[in-house]
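Here is the file start-v5.cif (mmCIF, C-alpha atoms).
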```cif
data_structure
#
loop_
_atom_site.label_atom_id
_atom_site.label_comp_id
_atom_site.auth_asym_id
_atom_site.auth_seq_id
_atom_site.Cartn_x
_atom_site.Cartn_y
_atom_site.Cartn_z
CA MET A 1 -103.09 173.15 31.77
CA SER A 2 -100.52 170.46 31.29
CA THR A 3 -98.61 168.63 33.96
CA SER A 4 -95.02 167.56 33.67
CA PRO A 5 -94.48 163.90 34.58
CA LEU A 6 -91.04 164.85 35.86
CA ARG A 7 -92.37 167.23 38.51
CA LYS A 8 -94.87 165.54 40.76
CA GLN A 9 -95.54 166.17 44.41
CA GLN A 10 -96.92 163.52 46.70
CA PHE A 11 -99.44 164.39 49.40
CA SER A 12 -102.06 162.64 51.46
CA VAL A 13 -105.80 163.30 51.53
CA SER A 14 -108.78 161.69 53.20
CA LEU A 15 -111.69 160.90 50.90
CA ASN A 16 -115.17 159.51 51.37
CA ALA A 17 -114.94 155.71 51.14
CA ASP A 18 -117.89 155.54 48.73
CA LEU A 19 -116.15 157.99 46.40
CA VAL A 20 -112.95 155.92 46.49
CA ASP A 21 -114.97 152.78 45.70
CA GLN A 22 -116.58 154.55 42.75
CA VAL A 23 -113.20 155.70 41.44
CA ASP A 24 -111.83 152.17 41.80
CA GLN A 25 -114.75 150.81 39.76
CA LEU A 26 -113.99 153.26 36.97
CA THR A 27 -110.20 153.09 36.82
CA SER A 28 -107.19 151.23 38.07
CA ASP A 29 -105.17 154.47 38.25
CA ARG A 30 -106.35 156.50 41.23
CA ASP A 31 -103.54 159.01 40.84
CA GLN A 32 -104.56 159.87 37.29
CA ALA A 33 -108.25 160.09 38.23
CA ILE A 34 -107.54 162.44 41.12
CA GLU A 35 -105.14 164.55 39.08
CA GLU A 36 -107.64 164.90 36.21
CA GLY A 37 -110.41 165.66 38.70
CA LEU A 38 -108.36 168.42 40.30
CA GLN A 39 -107.47 169.84 36.88
CA LEU A 40 -111.16 169.96 35.99
CA TRP A 41 -112.01 171.57 39.33
CA CYS A 42 -109.31 174.21 38.84
CA ALA A 43 -110.60 174.99 35.35
CA GLN A 44 -114.15 175.34 36.71
CA GLN A 45 -112.97 177.68 39.47
CA ALA A 46 -111.09 179.82 36.94
CA GLU A 47 -114.22 179.96 34.77
CA LYS A 48 -116.33 181.02 37.76
CA GLU A 49 -113.86 183.81 38.56
CA LEU A 50 -113.94 184.97 34.94
CA GLN A 51 -117.74 184.99 34.97
CA LYS A 52 -117.79 186.98 38.21
CA TYR A 53 -115.38 189.50 36.71
CA ALA A 54 -117.45 189.79 33.53
CA GLN A 55 -120.67 190.23 35.51
CA ALA A 56 -119.12 192.93 37.71
CA ARG A 57 -117.82 194.72 34.63
CA LYS A 58 -121.25 194.55 33.00
CA GLN A 59 -122.89 195.94 36.13
CA ARG A 60 -120.39 198.83 36.22
CA HIS A 61 -121.08 199.50 32.55
CA ASP A 62 -124.84 199.38 33.06
CA ARG A 63 -124.58 201.88 35.97
CA ASP A 64 -122.35 204.26 34.02
CA GLU A 65 -124.39 207.24 32.91
CA THR A 66 -121.65 208.76 30.77
CA GLY A 67 -121.52 205.91 28.28
CA TRP A 68 -117.73 205.97 28.32
CA LEU A 69 -117.08 202.70 30.13
CA VAL A 70 -116.19 199.81 27.88
#
```
Could I get this file's structure written as structure tokens?
Amino acid sequence: MSTSPLRKQQFSVSLNADLVDQVDQLTSDRDQAIEEGLQLWCAQQAEKELQKYAQARKQRHDRDETGWLV
């Protein structure tokens, strides 16, 4: 997932002060840290959805008595 530097949207969020302090200790670019964190979170959510789909498909296959489900 790549982001285009030409198309950015600004928004406001409230974060735990300790988390902000930790981010500030690790980087001088909060925007980049938050953007990369959100990209990682989105990728993890997509992976979870894929795993749920695969598990549901496996369960359907395991319950199929005909042997025809792939």
Reference answer for the PyMOL selection byres ((chain A and resi 33-38) around 12), as an MDAnalysis selection string: chainID A and resid 1:5 8:13 15 19:20 22:32 39:45
File dump, residues just selected, C-alpha atoms, as an mmCIF file, in the coordinates of the input:
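Resulting contents of part-v4.cif:
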```cif
data_model
loop_
_atom_site.group_PDB
_atom_site.id
_atom_site.type_symbol
_atom_site.label_atom_id
_atom_site.label_comp_id
_atom_site.auth_asym_id
_atom_site.auth_seq_id
_atom_site.Cartn_x
_atom_site.Cartn_y
_atom_site.Cartn_z
ATOM 1 C CA MET A 1 -103.090 173.150 31.770
ATOM 2 C CA SER A 2 -100.520 170.460 31.290
ATOM 3 C CA THR A 3 -98.610 168.630 33.960
ATOM 4 C CA SER A 4 -95.020 167.560 33.670
ATOM 5 C CA PRO A 5 -94.480 163.900 34.580
ATOM 6 C CA LYS A 8 -94.870 165.540 40.760
ATOM 7 C CA GLN A 9 -95.540 166.170 44.410
ATOM 8 C CA GLN A 10 -96.920 163.520 46.700
ATOM 9 C CA PHE A 11 -99.440 164.390 49.400
ATOM 10 C CA SER A 12 -102.060 162.640 51.460
ATOM 11 C CA VAL A 13 -105.800 163.300 51.530
ATOM 12 C CA LEU A 15 -111.690 160.900 50.900
ATOM 13 C CA LEU A 19 -116.150 157.990 46.400
ATOM 14 C CA VAL A 20 -112.950 155.920 46.490
ATOM 15 C CA GLN A 22 -116.580 154.550 42.750
ATOM 16 C CA VAL A 23 -113.200 155.700 41.440
ATOM 17 C CA ASP A 24 -111.830 152.170 41.800
ATOM 18 C CA GLN A 25 -114.750 150.810 39.760
ATOM 19 C CA LEU A 26 -113.990 153.260 36.970
ATOM 20 C CA THR A 27 -110.200 153.090 36.820
ATOM 21 C CA SER A 28 -107.190 151.230 38.070
ATOM 22 C CA ASP A 29 -105.170 154.470 38.250
ATOM 23 C CA ARG A 30 -106.350 156.500 41.230
ATOM 24 C CA ASP A 31 -103.540 159.010 40.840
ATOM 25 C CA GLN A 32 -104.560 159.870 37.290
ATOM 26 C CA GLN A 39 -107.470 169.840 36.880
ATOM 27 C CA LEU A 40 -111.160 169.960 35.990
ATOM 28 C CA TRP A 41 -112.010 171.570 39.330
ATOM 29 C CA CYS A 42 -109.310 174.210 38.840
ATOM 30 C CA ALA A 43 -110.600 174.990 35.350
ATOM 31 C CA GLN A 44 -114.150 175.340 36.710
ATOM 32 C CA GLN A 45 -112.970 177.680 39.470
#
```
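Take CA of Arg60 in chain A and CA of Ala46 in chain A: the distance between them is 21.2 Å.
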To one decimal place, how far is CA of Arg7 in chain A from CA of Glu47 in chain A in Å? 25.6 Å
Please write out, as lines of an AutoDock Vina configuration file, where the centre of an axis-aligned box around all listed atoms of range 53-63 of chain A lies and how long its edges are, in Å to one decimal, after adding 8 Å on each side.
```
center_x = -120.1
center_y = 195.7
center_z = 35.1
size_x = 25.5
size_y = 28.4
size_z = 21.2
```
In Å and to one decimal, CA of Asn16 in chain A is distant from CA of Lys48 in chain A by 25.5 Å
Your completed range 11-42 of chain A with N, CA and C atoms, as a PDB file, keeping the file's coordinate frame:
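That gives us part37.pdb:
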```
ATOM      1  N   PHE A  11     -98.800 163.913  48.189  1.00  0.00           N
ATOM      2  CA  PHE A  11     -99.440 164.390  49.400  1.00  0.00           C
ATOM      3  C   PHE A  11    -100.550 163.425  49.764  1.00  0.00           C
ATOM      4  N   SER A  12    -101.049 163.565  50.955  1.00  0.00           N
ATOM      5  CA  SER A  12    -102.060 162.640  51.460  1.00  0.00           C
ATOM      6  C   SER A  12    -103.372 163.380  51.672  1.00  0.00           C
ATOM      7  N   VAL A  13    -104.465 162.734  51.304  1.00  0.00           N
ATOM      8  CA  VAL A  13    -105.800 163.300  51.530  1.00  0.00           C
ATOM      9  C   VAL A  13    -106.708 162.204  52.074  1.00  0.00           C
ATOM     10  N   SER A  14    -107.755 162.623  52.739  1.00  0.00           N
ATOM     11  CA  SER A  14    -108.780 161.690  53.200  1.00  0.00           C
ATOM     12  C   SER A  14    -110.023 161.906  52.350  1.00  0.00           C
ATOM     13  N   LEU A  15    -110.537 160.818  51.786  1.00  0.00           N
ATOM     14  CA  LEU A  15    -111.690 160.900  50.900  1.00  0.00           C
ATOM     15  C   LEU A  15    -112.804 159.992  51.418  1.00  0.00           C
ATOM     16  N   ASN A  16    -114.007 160.336  51.054  1.00  0.00           N
ATOM     17  CA  ASN A  16    -115.170 159.510  51.370  1.00  0.00           C
ATOM     18  C   ASN A  16    -114.970 158.121  50.770  1.00  0.00           C
ATOM     19  N   ALA A  17    -115.180 157.095  51.582  1.00  0.00           N
ATOM     20  CA  ALA A  17    -114.940 155.710  51.140  1.00  0.00           C
ATOM     21  C   ALA A  17    -115.798 155.343  49.930  1.00  0.00           C
ATOM     22  N   ASP A  18    -117.025 155.838  49.880  1.00  0.00           N
ATOM     23  CA  ASP A  18    -117.890 155.540  48.730  1.00  0.00           C
ATOM     24  C   ASP A  18    -117.320 156.152  47.445  1.00  0.00           C
ATOM     25  N   LEU A  19    -116.754 157.346  47.567  1.00  0.00           N
ATOM     26  CA  LEU A  19    -116.150 157.990  46.400  1.00  0.00           C
ATOM     27  C   LEU A  19    -114.937 157.184  45.924  1.00  0.00           C
ATOM     28  N   VAL A  20    -114.114 156.724  46.849  1.00  0.00           N
ATOM     29  CA  VAL A  20    -112.950 155.920  46.490  1.00  0.00           C
ATOM     30  C   VAL A  20    -113.401 154.620  45.803  1.00  0.00           C
ATOM     31  N   ASP A  21    -114.446 153.988  46.326  1.00  0.00           N
ATOM     32  CA  ASP A  21    -114.970 152.780  45.700  1.00  0.00           C
ATOM     33  C   ASP A  21    -115.440 153.065  44.272  1.00  0.00           C
ATOM     34  N   GLN A  22    -116.094 154.190  44.081  1.00  0.00           N
ATOM     35  CA  GLN A  22    -116.580 154.550  42.750  1.00  0.00           C
ATOM     36  C   GLN A  22    -115.407 154.785  41.793  1.00  0.00           C
ATOM     37  N   VAL A  23    -114.379 155.470  42.263  1.00  0.00           N
ATOM     38  CA  VAL A  23    -113.200 155.700  41.440  1.00  0.00           C
ATOM     39  C   VAL A  23    -112.559 154.361  41.070  1.00  0.00           C
ATOM     40  N   ASP A  24    -112.448 153.474  42.057  1.00  0.00           N
ATOM     41  CA  ASP A  24    -111.830 152.170  41.800  1.00  0.00           C
ATOM     42  C   ASP A  24    -112.618 151.332  40.792  1.00  0.00           C
ATOM     43  N   GLN A  25    -113.931 151.530  40.741  1.00  0.00           N
ATOM     44  CA  GLN A  25    -114.750 150.810  39.760  1.00  0.00           C
ATOM     45  C   GLN A  25    -114.534 151.358  38.355  1.00  0.00           C
ATOM     46  N   LEU A  26    -114.128 152.615  38.274  1.00  0.00           N
ATOM     47  CA  LEU A  26    -113.990 153.260  36.970  1.00  0.00           C
ATOM     48  C   LEU A  26    -112.571 153.212  36.406  1.00  0.00           C
ATOM     49  N   THR A  27    -111.583 153.062  37.282  1.00  0.00           N
ATOM     50  CA  THR A  27    -110.200 153.090  36.820  1.00  0.00           C
ATOM     51  C   THR A  27    -109.299 152.310  37.764  1.00  0.00           C
ATOM     52  N   SER A  28    -108.187 151.882  37.231  1.00  0.00           N
ATOM     53  CA  SER A  28    -107.190 151.230  38.070  1.00  0.00           C
ATOM     54  C   SER A  28    -106.087 152.217  38.471  1.00  0.00           C
ATOM     55  N   ASP A  29    -106.189 153.457  37.987  1.00  0.00           N
ATOM     56  CA  ASP A  29    -105.170 154.470  38.250  1.00  0.00           C
ATOM     57  C   ASP A  29    -105.773 155.619  39.053  1.00  0.00           C
ATOM     58  N   ARG A  30    -105.804 155.455  40.361  1.00  0.00           N
ATOM     59  CA  ARG A  30    -106.350 156.500  41.230  1.00  0.00           C
ATOM     60  C   ARG A  30    -105.632 157.822  41.057  1.00  0.00           C
ATOM     61  N   ASP A  31    -104.312 157.772  40.966  1.00  0.00           N
ATOM     62  CA  ASP A  31    -103.540 159.010  40.840  1.00  0.00           C
ATOM     63  C   ASP A  31    -103.996 159.830  39.640  1.00  0.00           C
ATOM     64  N   GLN A  32    -104.138 159.160  38.502  1.00  0.00           N
ATOM     65  CA  GLN A  32    -104.560 159.870  37.290  1.00  0.00           C
ATOM     66  C   GLN A  32    -105.965 160.427  37.449  1.00  0.00           C
ATOM     67  N   ALA A  33    -106.869 159.636  38.039  1.00  0.00           N
ATOM     68  CA  ALA A  33    -108.250 160.090  38.230  1.00  0.00           C
ATOM     69  C   ALA A  33    -108.295 161.324  39.116  1.00  0.00           C
ATOM     70  N   ILE A  34    -107.544 161.300  40.202  1.00  0.00           N
ATOM     71  CA  ILE A  34    -107.540 162.440  41.120  1.00  0.00           C
ATOM     72  C   ILE A  34    -106.897 163.652  40.462  1.00  0.00           C
ATOM     73  N   GLU A  35    -105.805 163.441  39.750  1.00  0.00           N
ATOM     74  CA  GLU A  35    -105.140 164.550  39.080  1.00  0.00           C
ATOM     75  C   GLU A  35    -106.060 165.192  38.027  1.00  0.00           C
ATOM     76  N   GLU A  36    -106.720 164.366  37.226  1.00  0.00           N
ATOM     77  CA  GLU A  36    -107.640 164.900  36.210  1.00  0.00           C
ATOM     78  C   GLU A  36    -108.831 165.593  36.876  1.00  0.00           C
ATOM     79  N   GLY A  37    -109.306 165.028  37.977  1.00  0.00           N
ATOM     80  CA  GLY A  37    -110.410 165.660  38.700  1.00  0.00           C
ATOM     81  C   GLY A  37    -110.022 167.021  39.240  1.00  0.00           C
ATOM     82  N   LEU A  38    -108.833 167.132  39.786  1.00  0.00           N
ATOM     83  CA  LEU A  38    -108.360 168.420  40.300  1.00  0.00           C
ATOM     84  C   LEU A  38    -108.132 169.419  39.167  1.00  0.00           C
ATOM     85  N   GLN A  39    -107.641 168.950  38.028  1.00  0.00           N
ATOM     86  CA  GLN A  39    -107.470 169.840  36.880  1.00  0.00           C
ATOM     87  C   GLN A  39    -108.825 170.393  36.428  1.00  0.00           C
ATOM     88  N   LEU A  40    -109.822 169.526  36.372  1.00  0.00           N
ATOM     89  CA  LEU A  40    -111.160 169.960  35.990  1.00  0.00           C
ATOM     90  C   LEU A  40    -111.712 170.958  37.007  1.00  0.00           C
ATOM     91  N   TRP A  41    -111.529 170.675  38.288  1.00  0.00           N
ATOM     92  CA  TRP A  41    -112.010 171.570  39.330  1.00  0.00           C
ATOM     93  C   TRP A  41    -111.351 172.936  39.216  1.00  0.00           C
ATOM     94  N   CYS A  42    -110.035 172.945  38.990  1.00  0.00           N
ATOM     95  CA  CYS A  42    -109.310 174.210  38.840  1.00  0.00           C
ATOM     96  C   CYS A  42    -109.833 175.004  37.638  1.00  0.00           C
TER      97      CYS A  42
END
```
